[in-house]
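J.: The structure is given below, and queries will be raised subsequently.
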Amino acid sequence: MELIHRNLLIGIHDSLQETFFEDRKYADKVIERLLKSHRKWGSEDRKVVSEIFYNIIRWKKRLEYYMGEGVKPNNVYKMILAYLLWSKTHYKKFEEFDGIKVADILTKLKKGTVPTKAIEYSIPDWLAETLEKELGKNWEREMLALNEQAPTVLRTNSLKTTPRELIADLNDENVEAFTIKNYPDAVQLAEKKNVFLTSAFKDGLFEVQDASSQKIGQLLDVKEGMRVVDACAGAGGKTLHLAALMKNKGQIIALDIYEWKLAELKRRAKRAGAHNIETRTITDNKVIKRLHEKADRLLIDAPCSGLGVLKRNPDSKWKIDQAFIDRIKGEQQQILQDYSKILKKGGQMIYATCSILPSENNEQVKTFLKNNPDYTLIKDEKIMPSEGYDGFYMALIKRNG
């Protein structure tokens, strides 16, 4: 990889500045906008920009150590240069790098060691402490995995095609993919490609959905004709999977507090040919109360720290803090208490998060079951990032009838 075009350097710089210093700017949306505004860039240019942009976000704390100072709006070029030197990326000596003391960076690089684990894995100090406290000695293995780039995994839309047919269709469009053992609907790309430009995507043959996330729909064990409620549906990745598993028969009620997310879900459902989904915005408690004891199956994909998905959202580790995690744990317990009443007696629900912290996962389930003896844990599963895909937790719980 090499960085030899100045306009690419400027694009990376401006996008990093936006992500680091502007409020509520998320890396995936920032880079998407940058690439959309430079349609003339070829696929190799786009790859260079995306990779350098994400790697700098991922390794921010380590790069700050090599720079000898924290990143600020006026030293982003210095951080880019520190990354290029550290990663041994060939680059042109752009004028934006004038005046930066390269020797100071190289002196630190030559040492080959860094002073703390937080710097080594490029995470905030508080997060290193939290991970060690909650995961014990395994935390470093998981952090190592979370600093890798996530593979692109698709979920075959079984309403329209099969994994084998999807792979053949993608192949026709020069996208190489393969199936994954033990994931019936999953197809993984051999290398990163913009699959949203393919006819297969426009025809609704797949959704981008990580392999771990696909396990949730399978575990919920939905059947044709059931009434299913997805209580935190968001833009509907898991909702659409449930619709496909139910073969469009029965009813799915997708709830969320954000109307714009449900609007996106409706667009995606139309493309996927999923006709059994009804969306409802949670404007007040009445929306939930009207559904009490109405669902055969319930999915609570709870808001969480997102620490299991740092591979794909590396900027989130710089945007959250311990106070956020403590607050979200309170919300998780509240959601479990309130939304679990949606389940019929004899029905089953899943509590899921994309976190790897036991305090957001099995400990939340333990607390809920202690306070609600009419619910029983059937099974739970934790998937760790070191297994190759996103970190997830899911607990299948039955309401006794």
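Naming scheme: A, B, ... for chains in displayed order of the structure tokens; residues 1 onward per chain; ligands 1 onward as shown.
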Can you pull out every residue from stretch 262-333 of chain A that DSSP, working from the backbone, puts in strand (DSSP E), and format the result as a list in words?

T.: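 Those residues are Ile277, Glu278, Thr279, Arg280, Thr281, Ala295, Asp296, Arg297, Leu298, Leu299, Ile300 and Asp301 of chain A.
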
J.: Find the spatial neighbours of A:Asn362, counting only C-alpha atoms, within a cut-off of 9 Å - ignore same-chain residues fewer than 5 positions away - and output them as a PyMOL selection string.

T.: chain A and resi 357+367+380+382+393-395

J.: Pick from A:Leu8, A:Leu154, A:Ala323, A:Ala190: nearest to A:Ser213, with only C-alpha atoms counted?

T.: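 Using only C-alpha atoms, A:Ser213 sits closest to A:Leu154.
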
J.: Quick one: residues within 8 Å of A:Ile31, only C-alpha atoms, excluding same-chain residues fewer than 3 positions away - as a list in words?

T.: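 The contact residues come out as Ser15, Ala27, Asp28, Leu34, Leu35 and Ser50 of chain A.
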
J.: Between A:Arg155, A:Arg164, A:Arg227, A:Lys319, which one has atoms that come closest to A:Glu207, using only C-alpha atoms?

T.: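 Going through A:Arg155, A:Arg164, A:Arg227, A:Lys319 one by one, the smallest distance to A:Glu207 is for A:Arg155.
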
J.: Excluding A:Glu224 and its own-chain neighbours fewer than 6 positions away, which residues fall within 9 Å of it when counting only C-alpha atoms? Please give them as a PDB file with all heavy atoms, in the first residue's frame.

T.:
```pdb
ATOM      1  N   LEU A 245     -36.868 -16.245   7.999  1.00  0.00           N
ATOM      2  CA  LEU A 245     -37.005 -17.527   8.708  1.00  0.00           C
ATOM      3  C   LEU A 245     -38.473 -17.940   8.835  1.00  0.00           C
ATOM      4  O   LEU A 245     -38.799 -19.127   8.879  1.00  0.00           O
ATOM      5  CB  LEU A 245     -36.366 -17.435  10.107  1.00  0.00           C
ATOM      6  CG  LEU A 245     -34.828 -17.334  10.138  1.00  0.00           C
ATOM      7  CD1 LEU A 245     -34.345 -16.930  11.528  1.00  0.00           C
ATOM      8  CD2 LEU A 245     -34.179 -18.645   9.708  1.00  0.00           C
ATOM      9  N   MET A 246     -39.363 -16.939   8.884  1.00  0.00           N
ATOM     10  CA  MET A 246     -40.809 -17.216   8.993  1.00  0.00           C
ATOM     11  C   MET A 246     -41.464 -17.364   7.614  1.00  0.00           C
ATOM     12  O   MET A 246     -42.681 -17.528   7.522  1.00  0.00           O
ATOM     13  CB  MET A 246     -41.494 -16.088   9.773  1.00  0.00           C
ATOM     14  CG  MET A 246     -41.100 -16.060  11.250  1.00  0.00           C
ATOM     15  SD  MET A 246     -41.543 -14.498  12.053  1.00  0.00           S
ATOM     16  CE  MET A 246     -43.333 -14.697  12.196  1.00  0.00           C
ATOM     17  N   LYS A 247     -40.640 -17.257   6.569  1.00  0.00           N
ATOM     18  CA  LYS A 247     -41.120 -17.370   5.166  1.00  0.00           C
ATOM     19  C   LYS A 247     -42.271 -16.403   4.881  1.00  0.00           C
ATOM     20  O   LYS A 247     -43.233 -16.744   4.188  1.00  0.00           O
ATOM     21  CB  LYS A 247     -41.537 -18.808   4.855  1.00  0.00           C
ATOM     22  CG  LYS A 247     -40.399 -19.817   4.993  1.00  0.00           C
ATOM     23  CD  LYS A 247     -40.802 -21.174   4.445  1.00  0.00           C
ATOM     24  CE  LYS A 247     -39.661 -22.144   4.363  1.00  0.00           C
ATOM     25  NZ  LYS A 247     -39.170 -22.663   5.614  1.00  0.00           N
ATOM     26  N   ASN A 248     -42.192 -15.212   5.504  1.00  0.00           N
ATOM     27  CA  ASN A 248     -43.206 -14.165   5.299  1.00  0.00           C
ATOM     28  C   ASN A 248     -44.576 -14.514   5.880  1.00  0.00           C
ATOM     29  O   ASN A 248     -45.574 -13.856   5.572  1.00  0.00           O
ATOM     30  CB  ASN A 248     -43.367 -13.836   3.800  1.00  0.00           C
ATOM     31  CG  ASN A 248     -42.633 -12.563   3.417  1.00  0.00           C
ATOM     32  OD1 ASN A 248     -42.333 -11.740   4.277  1.00  0.00           O
ATOM     33  ND2 ASN A 248     -42.339 -12.406   2.145  1.00  0.00           N
ATOM     34  N   LYS A 249     -44.661 -15.581   6.675  1.00  0.00           N
ATOM     35  CA  LYS A 249     -45.966 -15.996   7.233  1.00  0.00           C
ATOM     36  C   LYS A 249     -46.006 -15.669   8.713  1.00  0.00           C
ATOM     37  O   LYS A 249     -45.056 -15.938   9.435  1.00  0.00           O
ATOM     38  CB  LYS A 249     -46.184 -17.492   7.007  1.00  0.00           C
ATOM     39  CG  LYS A 249     -46.378 -17.829   5.536  1.00  0.00           C
ATOM     40  CD  LYS A 249     -46.304 -19.303   5.278  1.00  0.00           C
ATOM     41  CE  LYS A 249     -46.371 -19.556   3.765  1.00  0.00           C
ATOM     42  NZ  LYS A 249     -45.844 -20.864   3.407  1.00  0.00           N
ATOM     43  N   GLY A 250     -47.121 -15.102   9.156  1.00  0.00           N
ATOM     44  CA  GLY A 250     -47.216 -14.638  10.533  1.00  0.00           C
ATOM     45  C   GLY A 250     -46.999 -13.133  10.573  1.00  0.00           C
ATOM     46  O   GLY A 250     -47.068 -12.453   9.541  1.00  0.00           O
ATOM     47  N   GLN A 251     -46.706 -12.611  11.765  1.00  0.00           N
ATOM     48  CA  GLN A 251     -46.593 -11.159  11.903  1.00  0.00           C
ATOM     49  C   GLN A 251     -45.366 -10.798  12.729  1.00  0.00           C
ATOM     50  O   GLN A 251     -45.104 -11.396  13.775  1.00  0.00           O
ATOM     51  CB  GLN A 251     -47.856 -10.614  12.609  1.00  0.00           C
ATOM     52  CG  GLN A 251     -47.839  -9.102  12.786  1.00  0.00           C
ATOM     53  CD  GLN A 251     -48.911  -8.593  13.736  1.00  0.00           C
ATOM     54  OE1 GLN A 251     -49.388  -9.332  14.606  1.00  0.00           O
ATOM     55  NE2 GLN A 251     -49.303  -7.342  13.588  1.00  0.00           N
TER      56      GLN A 251
END
```

J.: For A:Glu148, which of A:Gln218, A:Asn361, A:Asn55, A:Gln334 is the closest residue, counting only C-alpha atoms?

T.: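 Once distances to A:Glu148 are computed over only C-alpha atoms, the minimum belongs to A:Asn55.
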
J.: Among the residues of stretch 15-236 of chain A, find those DSSP assigns to helix (DSSP H, G or I) from the backbone and print them as a PyMOL selection string.

T.: chain A and resi 15-21+27-37+43-58+60-67+76-86+95-97+102-111+117-120+125-146+163-172+195-197+199-202+211-220
